[in-house]
>>> print(open('structure_2.cif').read())   # mmCIF, C-alpha atoms and all ligand atoms
data_coords
#
loop_
_atom_site.group_PDB
_atom_site.id
_atom_site.type_symbol
_atom_site.label_atom_id
_atom_site.label_comp_id
_atom_site.auth_asym_id
_atom_site.auth_seq_id
_atom_site.Cartn_x
_atom_site.Cartn_y
_atom_site.Cartn_z
ATOM 1 C CA MET F 1 -14.801 -24.570 -12.352
ATOM 2 C CA SER F 2 -17.180 -21.676 -12.799
ATOM 3 C CA THR F 3 -15.930 -18.233 -13.703
ATOM 4 C CA ALA F 4 -19.094 -16.459 -12.562
ATOM 5 C CA PRO F 5 -18.160 -13.766 -10.042
ATOM 6 C CA LEU F 6 -19.298 -15.329 -6.817
ATOM 7 C CA LEU F 7 -17.128 -12.798 -5.043
ATOM 8 C CA ASP F 8 -16.394 -9.451 -6.644
ATOM 9 C CA VAL F 9 -14.255 -7.088 -4.599
ATOM 10 C CA ARG F 10 -14.172 -3.594 -6.050
ATOM 11 C CA ARG F 11 -11.776 -0.820 -5.099
ATOM 12 C CA LEU F 12 -11.747 -1.859 -1.479
ATOM 13 C CA ARG F 13 -10.278 0.489 1.082
ATOM 14 C CA ALA F 14 -9.923 -0.611 4.700
ATOM 15 C CA GLY F 15 -7.457 -0.845 7.566
ATOM 16 C CA HIS F 16 -6.987 -0.525 11.273
ATOM 17 C CA GLY F 17 -8.478 2.694 12.614
ATOM 18 C CA ALA F 18 -6.789 5.625 10.936
ATOM 19 C CA SER F 19 -4.167 3.378 9.371
ATOM 20 C CA VAL F 20 -5.232 2.472 5.828
ATOM 21 C CA VAL F 21 -3.866 -0.947 4.809
ATOM 22 C CA LEU F 22 -6.004 -1.952 1.811
ATOM 23 C CA GLU F 23 -6.207 0.653 -0.918
ATOM 24 C CA ASP F 24 -7.972 0.261 -4.241
ATOM 25 C CA LEU F 25 -7.966 -3.526 -3.918
ATOM 26 C CA SER F 26 -9.954 -5.411 -6.563
ATOM 27 C CA PHE F 27 -10.354 -9.017 -7.620
ATOM 28 C CA GLY F 28 -13.056 -11.480 -8.494
ATOM 29 C CA MET F 29 -13.522 -15.213 -8.146
ATOM 30 C CA GLY F 30 -16.019 -17.898 -8.978
ATOM 31 C CA VAL F 31 -16.583 -21.282 -7.379
ATOM 32 C CA GLU F 32 -12.889 -22.149 -7.357
ATOM 33 C CA ALA F 33 -9.880 -22.112 -5.078
ATOM 34 C CA VAL F 34 -7.880 -18.896 -5.203
ATOM 35 C CA GLY F 35 -4.677 -18.220 -3.296
ATOM 36 C CA ILE F 36 -3.358 -14.943 -1.946
ATOM 37 C CA VAL F 37 0.373 -14.711 -1.427
ATOM 38 C CA GLY F 38 2.735 -11.872 -0.636
ATOM 39 C CA ARG F 39 5.446 -10.711 1.698
ATOM 40 C CA ASN F 40 4.805 -10.226 5.398
ATOM 41 C CA GLY F 41 2.798 -7.152 6.268
ATOM 42 C CA MET F 42 1.278 -6.632 2.810
ATOM 43 C CA GLY F 43 -2.253 -6.856 4.190
ATOM 44 C CA LYS F 44 -3.348 -10.451 3.619
ATOM 45 C CA THR F 45 -4.811 -10.968 7.087
ATOM 46 C CA THR F 46 -6.331 -7.489 6.970
ATOM 47 C CA LEU F 47 -8.077 -8.481 3.723
ATOM 48 C CA CYS F 48 -9.473 -11.665 5.285
ATOM 49 C CA ASP F 49 -10.674 -9.772 8.363
ATOM 50 C CA THR F 50 -12.311 -7.137 6.158
ATOM 51 C CA LEU F 51 -14.076 -9.662 3.917
ATOM 52 C CA VAL F 52 -15.741 -11.274 6.933
ATOM 53 C CA GLY F 53 -16.698 -7.978 8.573
ATOM 54 C CA PHE F 54 -14.213 -7.973 11.463
ATOM 55 C CA LEU F 55 -12.767 -4.715 10.124
ATOM 56 C CA PRO F 56 -14.864 -1.902 8.651
ATOM 57 C CA VAL F 57 -14.839 -1.010 4.962
ATOM 58 C CA THR F 58 -13.980 2.640 4.357
ATOM 59 C CA ASP F 59 -14.672 2.573 0.629
ATOM 60 C CA GLY F 60 -15.417 0.159 -2.192
ATOM 61 C CA GLU F 61 -17.655 -2.895 -2.420
ATOM 62 C CA ILE F 62 -17.653 -6.573 -1.495
ATOM 63 C CA LEU F 63 -20.217 -8.217 -3.747
ATOM 64 C CA LEU F 64 -21.218 -11.764 -2.879
ATOM 65 C CA GLY F 65 -23.435 -13.226 -5.577
ATOM 66 C CA GLY F 66 -24.038 -9.653 -6.759
ATOM 67 C CA GLU F 67 -25.104 -8.378 -3.320
ATOM 68 C CA ASP F 68 -22.970 -5.826 -1.491
ATOM 69 C CA VAL F 69 -22.174 -7.200 1.965
ATOM 70 C CA SER F 70 -19.633 -4.523 2.926
ATOM 71 C CA GLY F 71 -20.566 -2.686 6.088
ATOM 72 C CA ARG F 72 -22.577 -5.593 7.471
ATOM 73 C CA ALA F 73 -21.886 -7.151 10.867
ATOM 74 C CA PRO F 74 -19.782 -10.344 10.886
ATOM 75 C CA GLU F 75 -22.766 -12.567 11.721
ATOM 76 C CA LYS F 76 -24.726 -11.109 8.803
ATOM 77 C CA ILE F 77 -21.834 -11.739 6.441
ATOM 78 C CA ALA F 78 -21.546 -15.296 7.765
ATOM 79 C CA GLY F 79 -25.283 -15.655 7.188
ATOM 80 C CA ALA F 80 -24.852 -14.388 3.629
ATOM 81 C CA GLY F 81 -22.377 -17.188 3.016
ATOM 82 C CA ILE F 82 -18.787 -16.223 3.847
ATOM 83 C CA ALA F 83 -17.229 -18.505 6.476
ATOM 84 C CA TYR F 84 -13.848 -17.851 8.105
ATOM 85 C CA VAL F 85 -11.041 -20.058 9.327
ATOM 86 C CA PRO F 86 -8.854 -17.448 10.997
ATOM 87 C CA GLN F 87 -5.147 -17.728 11.618
ATOM 88 C CA GLY F 88 -4.549 -19.491 14.917
ATOM 89 C CA ARG F 89 -7.779 -21.531 14.695
ATOM 90 C CA ARG F 90 -9.487 -19.938 17.753
ATOM 91 C CA LEU F 91 -11.030 -22.989 19.370
ATOM 92 C CA PHE F 92 -12.270 -23.483 22.913
ATOM 93 C CA PRO F 93 -9.689 -25.498 24.880
ATOM 94 C CA SER F 94 -12.250 -27.032 27.249
ATOM 95 C CA LEU F 95 -14.844 -28.104 24.663
ATOM 96 C CA THR F 96 -14.616 -31.452 22.914
ATOM 97 C CA VAL F 97 -14.603 -31.850 19.149
ATOM 98 C CA ASP F 98 -18.222 -33.013 19.308
ATOM 99 C CA GLU F 99 -19.228 -30.013 21.408
ATOM 100 C CA HIS F 100 -17.562 -27.578 19.018
ATOM 101 C CA LEU F 101 -19.542 -29.006 16.125
ATOM 102 C CA ALA F 102 -22.757 -29.416 18.141
ATOM 103 C CA MET F 103 -22.804 -25.665 18.848
ATOM 104 C CA LEU F 104 -23.676 -25.075 15.207
ATOM 105 C CA ALA F 105 -25.414 -28.353 14.456
ATOM 106 C CA GLY F 106 -28.903 -27.038 15.206
ATOM 107 C CA ARG F 107 -28.808 -24.972 12.035
ATOM 108 C CA THR F 108 -27.555 -27.719 9.758
ATOM 109 C CA ARG F 109 -30.544 -30.045 9.554
ATOM 110 C CA GLY F 110 -31.254 -30.868 5.938
ATOM 111 C CA LYS F 111 -28.155 -28.979 4.786
ATOM 112 C CA ARG F 112 -25.113 -30.416 3.036
ATOM 113 C CA TRP F 113 -22.658 -29.823 5.885
ATOM 114 C CA THR F 114 -23.552 -31.488 9.159
ATOM 115 C CA PRO F 115 -21.213 -32.755 11.920
ATOM 116 C CA GLU F 116 -21.455 -36.213 10.292
ATOM 117 C CA ALA F 117 -20.358 -34.787 6.941
ATOM 118 C CA VAL F 118 -17.416 -33.067 8.644
ATOM 119 C CA TYR F 119 -16.401 -36.398 10.215
ATOM 120 C CA ASP F 120 -16.640 -37.973 6.785
ATOM 121 C CA LEU F 121 -14.347 -35.298 5.343
ATOM 122 C CA PHE F 122 -11.892 -35.619 8.238
ATOM 123 C CA PRO F 123 -12.058 -39.208 9.608
ATOM 124 C CA ARG F 124 -9.261 -38.366 12.004
ATOM 125 C CA LEU F 125 -11.568 -35.910 13.766
ATOM 126 C CA ALA F 126 -14.176 -38.622 14.173
ATOM 127 C CA GLN F 127 -11.616 -40.623 16.158
ATOM 128 C CA ARG F 128 -11.056 -37.610 18.441
ATOM 129 C CA LYS F 129 -14.729 -36.742 19.020
ATOM 130 C CA ARG F 130 -14.464 -36.707 22.801
ATOM 131 C CA HIS F 131 -11.091 -35.016 23.032
ATOM 132 C CA GLY F 132 -10.940 -31.437 24.270
ATOM 133 C CA GLY F 133 -9.652 -28.684 22.005
ATOM 134 C CA ALA F 134 -6.468 -28.416 24.085
ATOM 135 C CA ALA F 135 -5.698 -32.136 23.627
ATOM 136 C CA LEU F 136 -5.784 -31.993 19.834
ATOM 137 C CA SER F 137 -2.718 -31.826 17.618
ATOM 138 C CA GLY F 138 -2.249 -28.707 15.492
ATOM 139 C CA GLY F 139 -3.531 -30.579 12.462
ATOM 140 C CA GLU F 140 -6.623 -31.830 14.261
ATOM 141 C CA GLN F 141 -7.309 -28.311 15.508
ATOM 142 C CA GLN F 142 -7.080 -27.011 11.946
ATOM 143 C CA MET F 143 -9.466 -29.715 10.701
ATOM 144 C CA LEU F 144 -11.902 -28.758 13.454
ATOM 145 C CA ALA F 145 -11.612 -25.068 12.556
ATOM 146 C CA VAL F 146 -12.393 -25.908 8.911
ATOM 147 C CA GLY F 147 -15.229 -28.206 10.015
ATOM 148 C CA ARG F 148 -16.818 -25.480 12.104
ATOM 149 C CA ALA F 149 -16.656 -23.055 9.195
ATOM 150 C CA LEU F 150 -18.289 -25.650 6.926
ATOM 151 C CA LEU F 151 -21.262 -25.978 9.266
ATOM 152 C CA LEU F 152 -22.283 -22.474 8.224
ATOM 153 C CA ASN F 153 -23.068 -24.046 4.853
ATOM 154 C CA GLY F 154 -21.707 -20.958 3.164
ATOM 155 C CA ARG F 155 -20.705 -20.326 -0.405
ATOM 156 C CA LEU F 156 -17.172 -19.160 0.279
ATOM 157 C CA ILE F 157 -14.689 -20.184 2.925
ATOM 158 C CA VAL F 158 -11.803 -17.835 3.715
ATOM 159 C CA MET F 159 -8.748 -19.510 5.255
ATOM 160 C CA ASP F 160 -5.829 -17.575 6.730
ATOM 161 C CA GLU F 161 -2.606 -19.616 6.705
ATOM 162 C CA PRO F 162 -4.222 -23.017 7.266
ATOM 163 C CA SER F 163 -0.962 -24.959 6.826
ATOM 164 C CA GLU F 164 1.006 -22.914 9.356
ATOM 165 C CA GLY F 165 3.026 -25.179 11.626
ATOM 166 C CA LEU F 166 1.516 -28.396 10.294
ATOM 167 C CA ALA F 167 3.271 -31.622 9.317
ATOM 168 C CA PRO F 168 3.362 -32.420 5.571
ATOM 169 C CA THR F 169 0.899 -35.307 5.932
ATOM 170 C CA ILE F 170 -1.642 -32.993 7.529
ATOM 171 C CA VAL F 171 -1.082 -30.390 4.821
ATOM 172 C CA ASP F 172 -1.939 -33.174 2.344
ATOM 173 C CA VAL F 173 -5.254 -33.717 4.146
ATOM 174 C CA LEU F 174 -6.040 -29.993 3.927
ATOM 175 C CA VAL F 175 -5.115 -29.838 0.238
ATOM 176 C CA ASP F 176 -7.458 -32.763 -0.472
ATOM 177 C CA ALA F 177 -10.205 -31.110 1.575
ATOM 178 C CA VAL F 178 -9.910 -27.866 -0.428
ATOM 179 C CA HIS F 179 -10.236 -29.806 -3.693
ATOM 180 C CA ARG F 180 -13.230 -31.684 -2.403
ATOM 181 C CA LEU F 181 -14.945 -28.492 -1.257
ATOM 182 C CA VAL F 182 -14.514 -26.872 -4.669
ATOM 183 C CA ASP F 183 -15.823 -30.038 -6.342
ATOM 184 C CA GLU F 184 -18.890 -29.737 -4.132
ATOM 185 C CA GLY F 185 -19.477 -26.088 -5.018
ATOM 186 C CA VAL F 186 -17.814 -24.283 -2.109
ATOM 187 C CA ALA F 187 -15.348 -21.564 -3.142
ATOM 188 C CA VAL F 188 -12.112 -21.265 -1.154
ATOM 189 C CA LEU F 189 -9.962 -18.157 -0.726
ATOM 190 C CA VAL F 190 -6.739 -19.132 0.967
ATOM 191 C CA VAL F 191 -3.877 -17.028 2.296
ATOM 192 C CA GLU F 192 -0.654 -19.000 2.549
ATOM 193 C CA GLN F 193 2.987 -18.337 3.424
ATOM 194 C CA ASN F 194 3.849 -21.847 2.336
ATOM 195 C CA LEU F 195 4.120 -21.488 -1.424
ATOM 196 C CA ARG F 196 4.069 -25.202 -2.172
ATOM 197 C CA ALA F 197 0.926 -25.683 -0.090
ATOM 198 C CA ALA F 198 -0.662 -22.597 -1.665
ATOM 199 C CA VAL F 199 -0.047 -23.849 -5.178
ATOM 200 C CA ARG F 200 -1.361 -27.315 -4.422
ATOM 201 C CA MET F 201 -4.530 -25.842 -2.965
ATOM 202 C CA ALA F 202 -5.207 -23.226 -5.625
ATOM 203 C CA PRO F 203 -4.161 -23.031 -9.280
ATOM 204 C CA ARG F 204 -4.872 -19.290 -9.351
ATOM 205 C CA GLN F 205 -2.606 -17.154 -7.213
ATOM 206 C CA LEU F 206 -3.102 -13.448 -6.533
ATOM 207 C CA VAL F 207 -0.098 -11.498 -5.310
ATOM 208 C CA MET F 208 -0.605 -8.777 -2.734
ATOM 209 C CA VAL F 209 1.742 -5.818 -2.612
ATOM 210 C CA SER F 210 1.154 -2.897 -0.239
ATOM 211 C CA GLY F 211 -2.529 -3.476 0.235
ATOM 212 C CA ARG F 212 -3.561 -4.230 -3.350
ATOM 213 C CA ILE F 213 -3.680 -7.171 -5.704
ATOM 214 C CA GLU F 214 -0.691 -6.329 -7.871
ATOM 215 C CA ALA F 215 -0.440 -9.400 -10.082
ATOM 216 C CA GLU F 216 -1.908 -12.797 -10.802
ATOM 217 C CA PHE F 217 -0.012 -15.961 -11.716
ATOM 218 C CA THR F 218 -0.675 -19.617 -12.087
ATOM 219 C CA GLY F 219 0.748 -21.724 -9.294
ATOM 220 C CA ASP F 220 3.169 -23.309 -11.741
ATOM 221 C CA GLU F 221 4.527 -19.915 -12.772
ATOM 222 C CA LEU F 222 5.176 -18.945 -9.178
ATOM 223 C CA LEU F 223 6.789 -22.269 -8.335
ATOM 224 C CA THR F 224 9.107 -22.347 -11.325
ATOM 225 C CA ARG F 225 10.146 -18.691 -11.513
ATOM 226 C CA PRO F 226 12.631 -17.615 -8.844
ATOM 227 C CA ASP F 227 12.478 -14.049 -10.214
ATOM 228 C CA LEU F 228 8.778 -13.835 -9.297
ATOM 229 C CA GLN F 229 9.460 -15.374 -5.895
ATOM 230 C CA ARG F 230 12.205 -12.835 -5.210
ATOM 231 C CA ARG F 231 10.170 -9.916 -6.408
ATOM 232 C CA TYR F 232 6.814 -10.685 -4.845
ATOM 233 C CA LEU F 233 7.503 -13.034 -1.968
ATOM 234 C CA GLY F 234 10.884 -11.712 -0.869
ATOM 235 C CA VAL F 235 12.548 -15.105 -0.839
ATOM 236 C CA GLY F 236 15.821 -16.287 -2.327
ATOM 237 C CA ALA F 237 15.890 -18.556 -5.341
ATOM 238 C CA ASP F 238 16.916 -21.511 -3.190
ATOM 239 C CA ASP F 239 14.324 -21.386 -0.473
ATOM 240 C CA GLY F 240 11.289 -20.109 -2.345
ATOM 241 C CA ALA F 241 9.677 -23.415 -3.088
ATOM 242 C CA HIS F 242 9.912 -24.509 0.528
ATOM 243 C CA ARG F 243 7.993 -21.644 2.043
HETATM 244 N N1 LIG F 301 -4.432 -4.773 14.868
HETATM 245 C C1 LIG F 301 -3.705 -3.952 14.107
HETATM 246 N N2 LIG F 301 -3.644 -2.628 14.376
HETATM 247 C C2 LIG F 301 -2.935 -1.790 13.590
HETATM 248 N N3 LIG F 301 -2.218 -2.176 12.511
HETATM 249 C C3 LIG F 301 -2.233 -3.480 12.211
HETATM 250 C C4 LIG F 301 -2.967 -4.435 12.980
HETATM 251 N N4 LIG F 301 -2.793 -5.646 12.425
HETATM 252 C C5 LIG F 301 -1.992 -5.470 11.356
HETATM 253 N N5 LIG F 301 -1.655 -4.167 11.233
HETATM 254 C C6 LIG F 301 -0.803 -3.582 10.182
HETATM 255 O O1 LIG F 301 -1.434 -3.788 8.934
HETATM 256 C C7 LIG F 301 -0.478 -4.085 7.932
HETATM 257 C C8 LIG F 301 -0.856 -5.369 7.242
HETATM 258 O O2 LIG F 301 -0.781 -6.445 8.164
HETATM 259 P P1 LIG F 301 -1.384 -7.883 7.835
HETATM 260 O O3 LIG F 301 -1.259 -8.702 9.076
HETATM 261 O O4 LIG F 301 -2.704 -7.725 7.217
HETATM 262 O O5 LIG F 301 -0.361 -8.378 6.731
HETATM 263 P P2 LIG F 301 -0.083 -9.851 6.211
HETATM 264 O O6 LIG F 301 0.168 -9.708 4.765
HETATM 265 O O7 LIG F 301 -1.171 -10.759 6.662
HETATM 266 O O8 LIG F 301 1.265 -10.181 6.939
HETATM 267 P P3 LIG F 301 1.709 -11.482 7.756
HETATM 268 O O9 LIG F 301 1.998 -12.496 6.722
HETATM 269 O O10 LIG F 301 2.928 -11.002 8.473
HETATM 270 O O11 LIG F 301 0.571 -11.844 8.672
HETATM 271 C C9 LIG F 301 0.874 -4.137 8.634
HETATM 272 O O12 LIG F 301 1.509 -2.904 8.426
HETATM 273 C C10 LIG F 301 0.520 -4.325 10.067
HETATM 274 O O13 LIG F 301 1.486 -3.749 10.891
#
>>> encode(input="structure_2.cif", output="structure tokens", more="lines below")
Ligand SMILES: Nc1ncnc2c1ncn2[C@@H]1O[C@H](COP(=O)(O)OP(=O)(O)OP(=O)(O)O)[C@@H](O)[C@H]1O
Amino acid sequence: MSTAPLLDVRRLRAGHGASVVLEDLSFGMGVEAVGIVGRNGMGKTTLCDTLVGFLPVTDGEILLGGEDVSGRAPEKIAGAGIAYVPQGRRLFPSLTVDEHLAMLAGRTRGKRWTPEAVYDLFPRLAQRKRHGGAALSGGEQQMLAVGRALLLNGRLIVMDEPSEGLAPTIVDVLVDAVHRLVDEGVAVLVVEQNLRAAVRMAPRQLVMVSGRIEAEFTGDELLTRPDLQRRYLGVGADDGAHR
């Protein structure tokens, strides 16, 4: 794991129109998996959308490899190396798995991540190549969404609630995929409501409170301390580990 600041977010301010959601938000990460957790409405999705350029930055900086990408259009930020797996997966119901990947395949020649490499990472997708997006299970859709993001051959992949609604066996596949990506030099920033999944994906967990990163814990600390779960995640001592 490298601690070099691949991503360095400094005093970020952003939101929806006149409504400021992120205020003075700072954190940094290297080529590693980092989780973002927090109660509902604290601004996690807003942060993801801002990092990838879907929402404008009002103030502050988003440095990727030392270069400020804030204020750039989403396609420029993707080109600079930040890929996005948004909440809800956003696939095309009528396109097959192969067609989804082929849309981006032209740019992947000679690069690490090609459709073949995605099928190698997710063999289950390879078995569903000719299935339409609408015919895929939730887990297969999530694998396809991750696969599409990988074809950008970026340096950082941002995932918003990837385990939402998925069976435990599929969550296992995603956890393994995150580890493999980090091993191969792709950083992963993952927002999760499911604390157990979050901790298995990322040893470093940042806690968001009211639009800022308020604290940082190891996954083990968060899992074993009901007081932290109550305070930062708003869950009771009994149900915290299951979220
Ligand atoms: N499209 C929007 N327009 C205006 N305000 C929004 C919009 N989307 C979210 N918000 C507001 O921004 C704040 C942060 O929401 P956000 O979805 O980023 O939080 P979150 O931490 O991801 O929560 P959740 O886990 O419920 O998705 C909330 O007050 C929310 O009401």
>>> resolve_selection(input="structure_2.cif", expression="the PyMOL selection byres (((chain F and resi 205-208) around 7) and not hetatm)", output="ChimeraX atom specification")
/F:34-38,42,202-204,209-219,232
>>> residues_near_ligand(input="structure_2.cif", ligand="ligand LIG 301 (chain F)", cutoff="6 Å", atoms="all atoms listed in the file", output="tab-separated table (two decimals) with C-alpha atoms, in the frame of the given file")
chain	number	residue	atom	x	y	z
F	16	HIS	CA	-6.99	-0.52	11.27
F	21	VAL	CA	-3.87	-0.95	4.81
F	40	ASN	CA	4.80	-10.23	5.40
F	41	GLY	CA	2.80	-7.15	6.27
F	42	MET	CA	1.28	-6.63	2.81
F	43	GLY	CA	-2.25	-6.86	4.19
F	44	LYS	CA	-3.35	-10.45	3.62
F	45	THR	CA	-4.81	-10.97	7.09
F	46	THR	CA	-6.33	-7.49	6.97
>>> closest_residue(input="structure_2.cif", among="F:Ala149, F:Leu6, F:Met143, F:Ala102", to="Gly79 of chain F", atoms="all atoms listed in the file")
F:Ala149
>>> resolve_selection(input="structure_2.cif", expression="the PyMOL selection byres (((chain F and resi 85) around 10) and not hetatm)", output="mmCIF file with C-alpha atoms, keeping the file's coordinate frame")
data_model
loop_
_atom_site.group_PDB
_atom_site.id
_atom_site.type_symbol
_atom_site.label_atom_id
_atom_site.label_comp_id
_atom_site.auth_asym_id
_atom_site.auth_seq_id
_atom_site.Cartn_x
_atom_site.Cartn_y
_atom_site.Cartn_z
ATOM 1 C CA CYS F 48 -9.473 -11.665 5.285
ATOM 2 C CA ALA F 83 -17.229 -18.505 6.476
ATOM 3 C CA TYR F 84 -13.848 -17.851 8.105
ATOM 4 C CA PRO F 86 -8.854 -17.448 10.997
ATOM 5 C CA GLN F 87 -5.147 -17.728 11.618
ATOM 6 C CA GLY F 88 -4.549 -19.491 14.917
ATOM 7 C CA ARG F 89 -7.779 -21.531 14.695
ATOM 8 C CA ARG F 90 -9.487 -19.938 17.753
ATOM 9 C CA GLN F 142 -7.080 -27.011 11.946
ATOM 10 C CA MET F 143 -9.466 -29.715 10.701
ATOM 11 C CA LEU F 144 -11.902 -28.758 13.454
ATOM 12 C CA ALA F 145 -11.612 -25.068 12.556
ATOM 13 C CA VAL F 146 -12.393 -25.908 8.911
ATOM 14 C CA GLY F 147 -15.229 -28.206 10.015
ATOM 15 C CA ARG F 148 -16.818 -25.480 12.104
ATOM 16 C CA ALA F 149 -16.656 -23.055 9.195
ATOM 17 C CA LEU F 150 -18.289 -25.650 6.926
ATOM 18 C CA ILE F 157 -14.689 -20.184 2.925
ATOM 19 C CA VAL F 158 -11.803 -17.835 3.715
ATOM 20 C CA MET F 159 -8.748 -19.510 5.255
ATOM 21 C CA ASP F 160 -5.829 -17.575 6.730
ATOM 22 C CA GLU F 161 -2.606 -19.616 6.705
ATOM 23 C CA PRO F 162 -4.222 -23.017 7.266
ATOM 24 C CA VAL F 190 -6.739 -19.132 0.967
#
>>> atom_distance(input="structure_2.cif", atom1="atom CA of Leu101 of chain F", atom2="atom CA of Leu151 of chain F")
7.7 Å
>>> closest_residue(input="structure_2.cif", among="F:Pro123, F:Val31, F:Asn153, F:Arg10", to="Gly110 of chain F", atoms="all atoms listed in the file")
F:Asn153
>>> atom_distance(input="structure_2.cif", atom1="atom CA of Gln141 of chain F", atom2="atom CA of Met201 of chain F")
18.8 Å
>>> closest_residue(input="structure_2.cif", among="F:Val9, F:Ala14, F:Val175, F:Ala33", to="Asp68 of chain F", atoms="only C-alpha atoms")
F:Val9
>>> closest_residue(input="structure_2.cif", among="F:Leu222, F:Leu233, F:Leu121, F:Leu63", to="Val178 of chain F", atoms="all atoms listed in the file")
F:Leu121
>>> atom_distance(input="structure_2.cif", atom1="atom CA of Arg11 of chain F", atom2="atom CA of Leu25 of chain F")
4.8 Å
>>> residues_around(input="structure_2.cif", residues="Val97 of chain F", least_positions_apart="5", cutoff="10 Å", atoms="all atoms listed in the file", output="PyMOL selection string")
chain F and resi 91-92+102+115+125-133+135-136+140-141+144-145+147-148
>>> closest_residue(input="structure_2.cif", among="F:Val191, F:Glu67, F:Ile77, F:Leu152", to="Gly106 of chain F", atoms="all atoms listed in the file")
F:Leu152
>>> residues_around(input="structure_2.cif", residues="Ile62 of chain F", least_positions_apart="2", cutoff="10 Å", atoms="only C-alpha atoms", output="list in words")
Leu7, Asp8, Val9, Arg10, Arg11, Leu12, Ser26, Phe27, Gly28, Thr50, Leu51, Val52, Val57, Asp59, Gly60, Leu64, Gly65, Gly66, Glu67, Asp68, Val69, Ser70 and Gly71 of chain F
>>> closest_residue(input="structure_2.cif", among="F:Pro74, F:Gly234, F:Gly17, F:Gly30", to="Val182 of chain F", atoms="all atoms listed in the file")
F:Gly30
>>> axis_aligned_box(input="structure_2.cif", around="segment 209-221 of chain F", padding_each_side="5 Å", output="JSON")
{"center_x": 0.4, "center_y": -13.1, "center_z": -6.3, "size_x": 18.2, "size_y": 30.4, "size_z": 23.0}
>>> build_atoms(input="structure_2.cif", residues="segment 84-98 of chain F", atoms="N, CA and C atoms", output="short mmCIF file (atom, residue, chain, number, x, y, z; two decimals), in the frame of the given file")
data_model
loop_
_atom_site.label_atom_id
_atom_site.label_comp_id
_atom_site.auth_asym_id
_atom_site.auth_seq_id
_atom_site.Cartn_x
_atom_site.Cartn_y
_atom_site.Cartn_z
N TYR F 84 -15.24 -18.26 7.85
CA TYR F 84 -13.85 -17.85 8.10
C TYR F 84 -13.13 -18.89 8.95
N VAL F 85 -11.96 -19.26 8.49
CA VAL F 85 -11.04 -20.06 9.33
C VAL F 85 -9.85 -19.15 9.61
N PRO F 86 -9.89 -18.45 10.75
CA PRO F 86 -8.85 -17.45 11.00
C PRO F 86 -7.51 -18.08 11.34
N GLN F 87 -6.48 -17.28 11.23
CA GLN F 87 -5.15 -17.73 11.62
C GLN F 87 -5.18 -18.06 13.12
N GLY F 88 -4.58 -19.15 13.49
CA GLY F 88 -4.55 -19.49 14.92
C GLY F 88 -5.74 -20.31 15.38
N ARG F 89 -6.67 -20.57 14.50
CA ARG F 89 -7.78 -21.53 14.70
C ARG F 89 -8.84 -21.14 15.71
N ARG F 90 -8.50 -20.46 16.78
CA ARG F 90 -9.49 -19.94 17.75
C ARG F 90 -10.55 -20.95 18.18
N LEU F 91 -10.11 -21.99 18.83
CA LEU F 91 -11.03 -22.99 19.37
C LEU F 91 -11.16 -22.81 20.87
N PHE F 92 -12.09 -23.53 21.46
CA PHE F 92 -12.27 -23.48 22.91
C PHE F 92 -11.53 -24.66 23.53
N PRO F 93 -10.52 -24.40 24.37
CA PRO F 93 -9.69 -25.50 24.88
C PRO F 93 -10.48 -26.53 25.68
N SER F 94 -11.55 -26.09 26.36
CA SER F 94 -12.25 -27.03 27.25
C SER F 94 -13.39 -27.78 26.56
N LEU F 95 -13.75 -27.40 25.35
CA LEU F 95 -14.84 -28.10 24.66
C LEU F 95 -14.29 -29.24 23.81
N THR F 96 -15.04 -30.33 23.75
CA THR F 96 -14.62 -31.45 22.91
C THR F 96 -14.90 -31.13 21.44
N VAL F 97 -14.36 -31.98 20.59
CA VAL F 97 -14.60 -31.85 19.15
C VAL F 97 -16.11 -31.89 18.89
N ASP F 98 -16.77 -32.87 19.48
CA ASP F 98 -18.22 -33.01 19.31
C ASP F 98 -18.96 -31.75 19.75
#
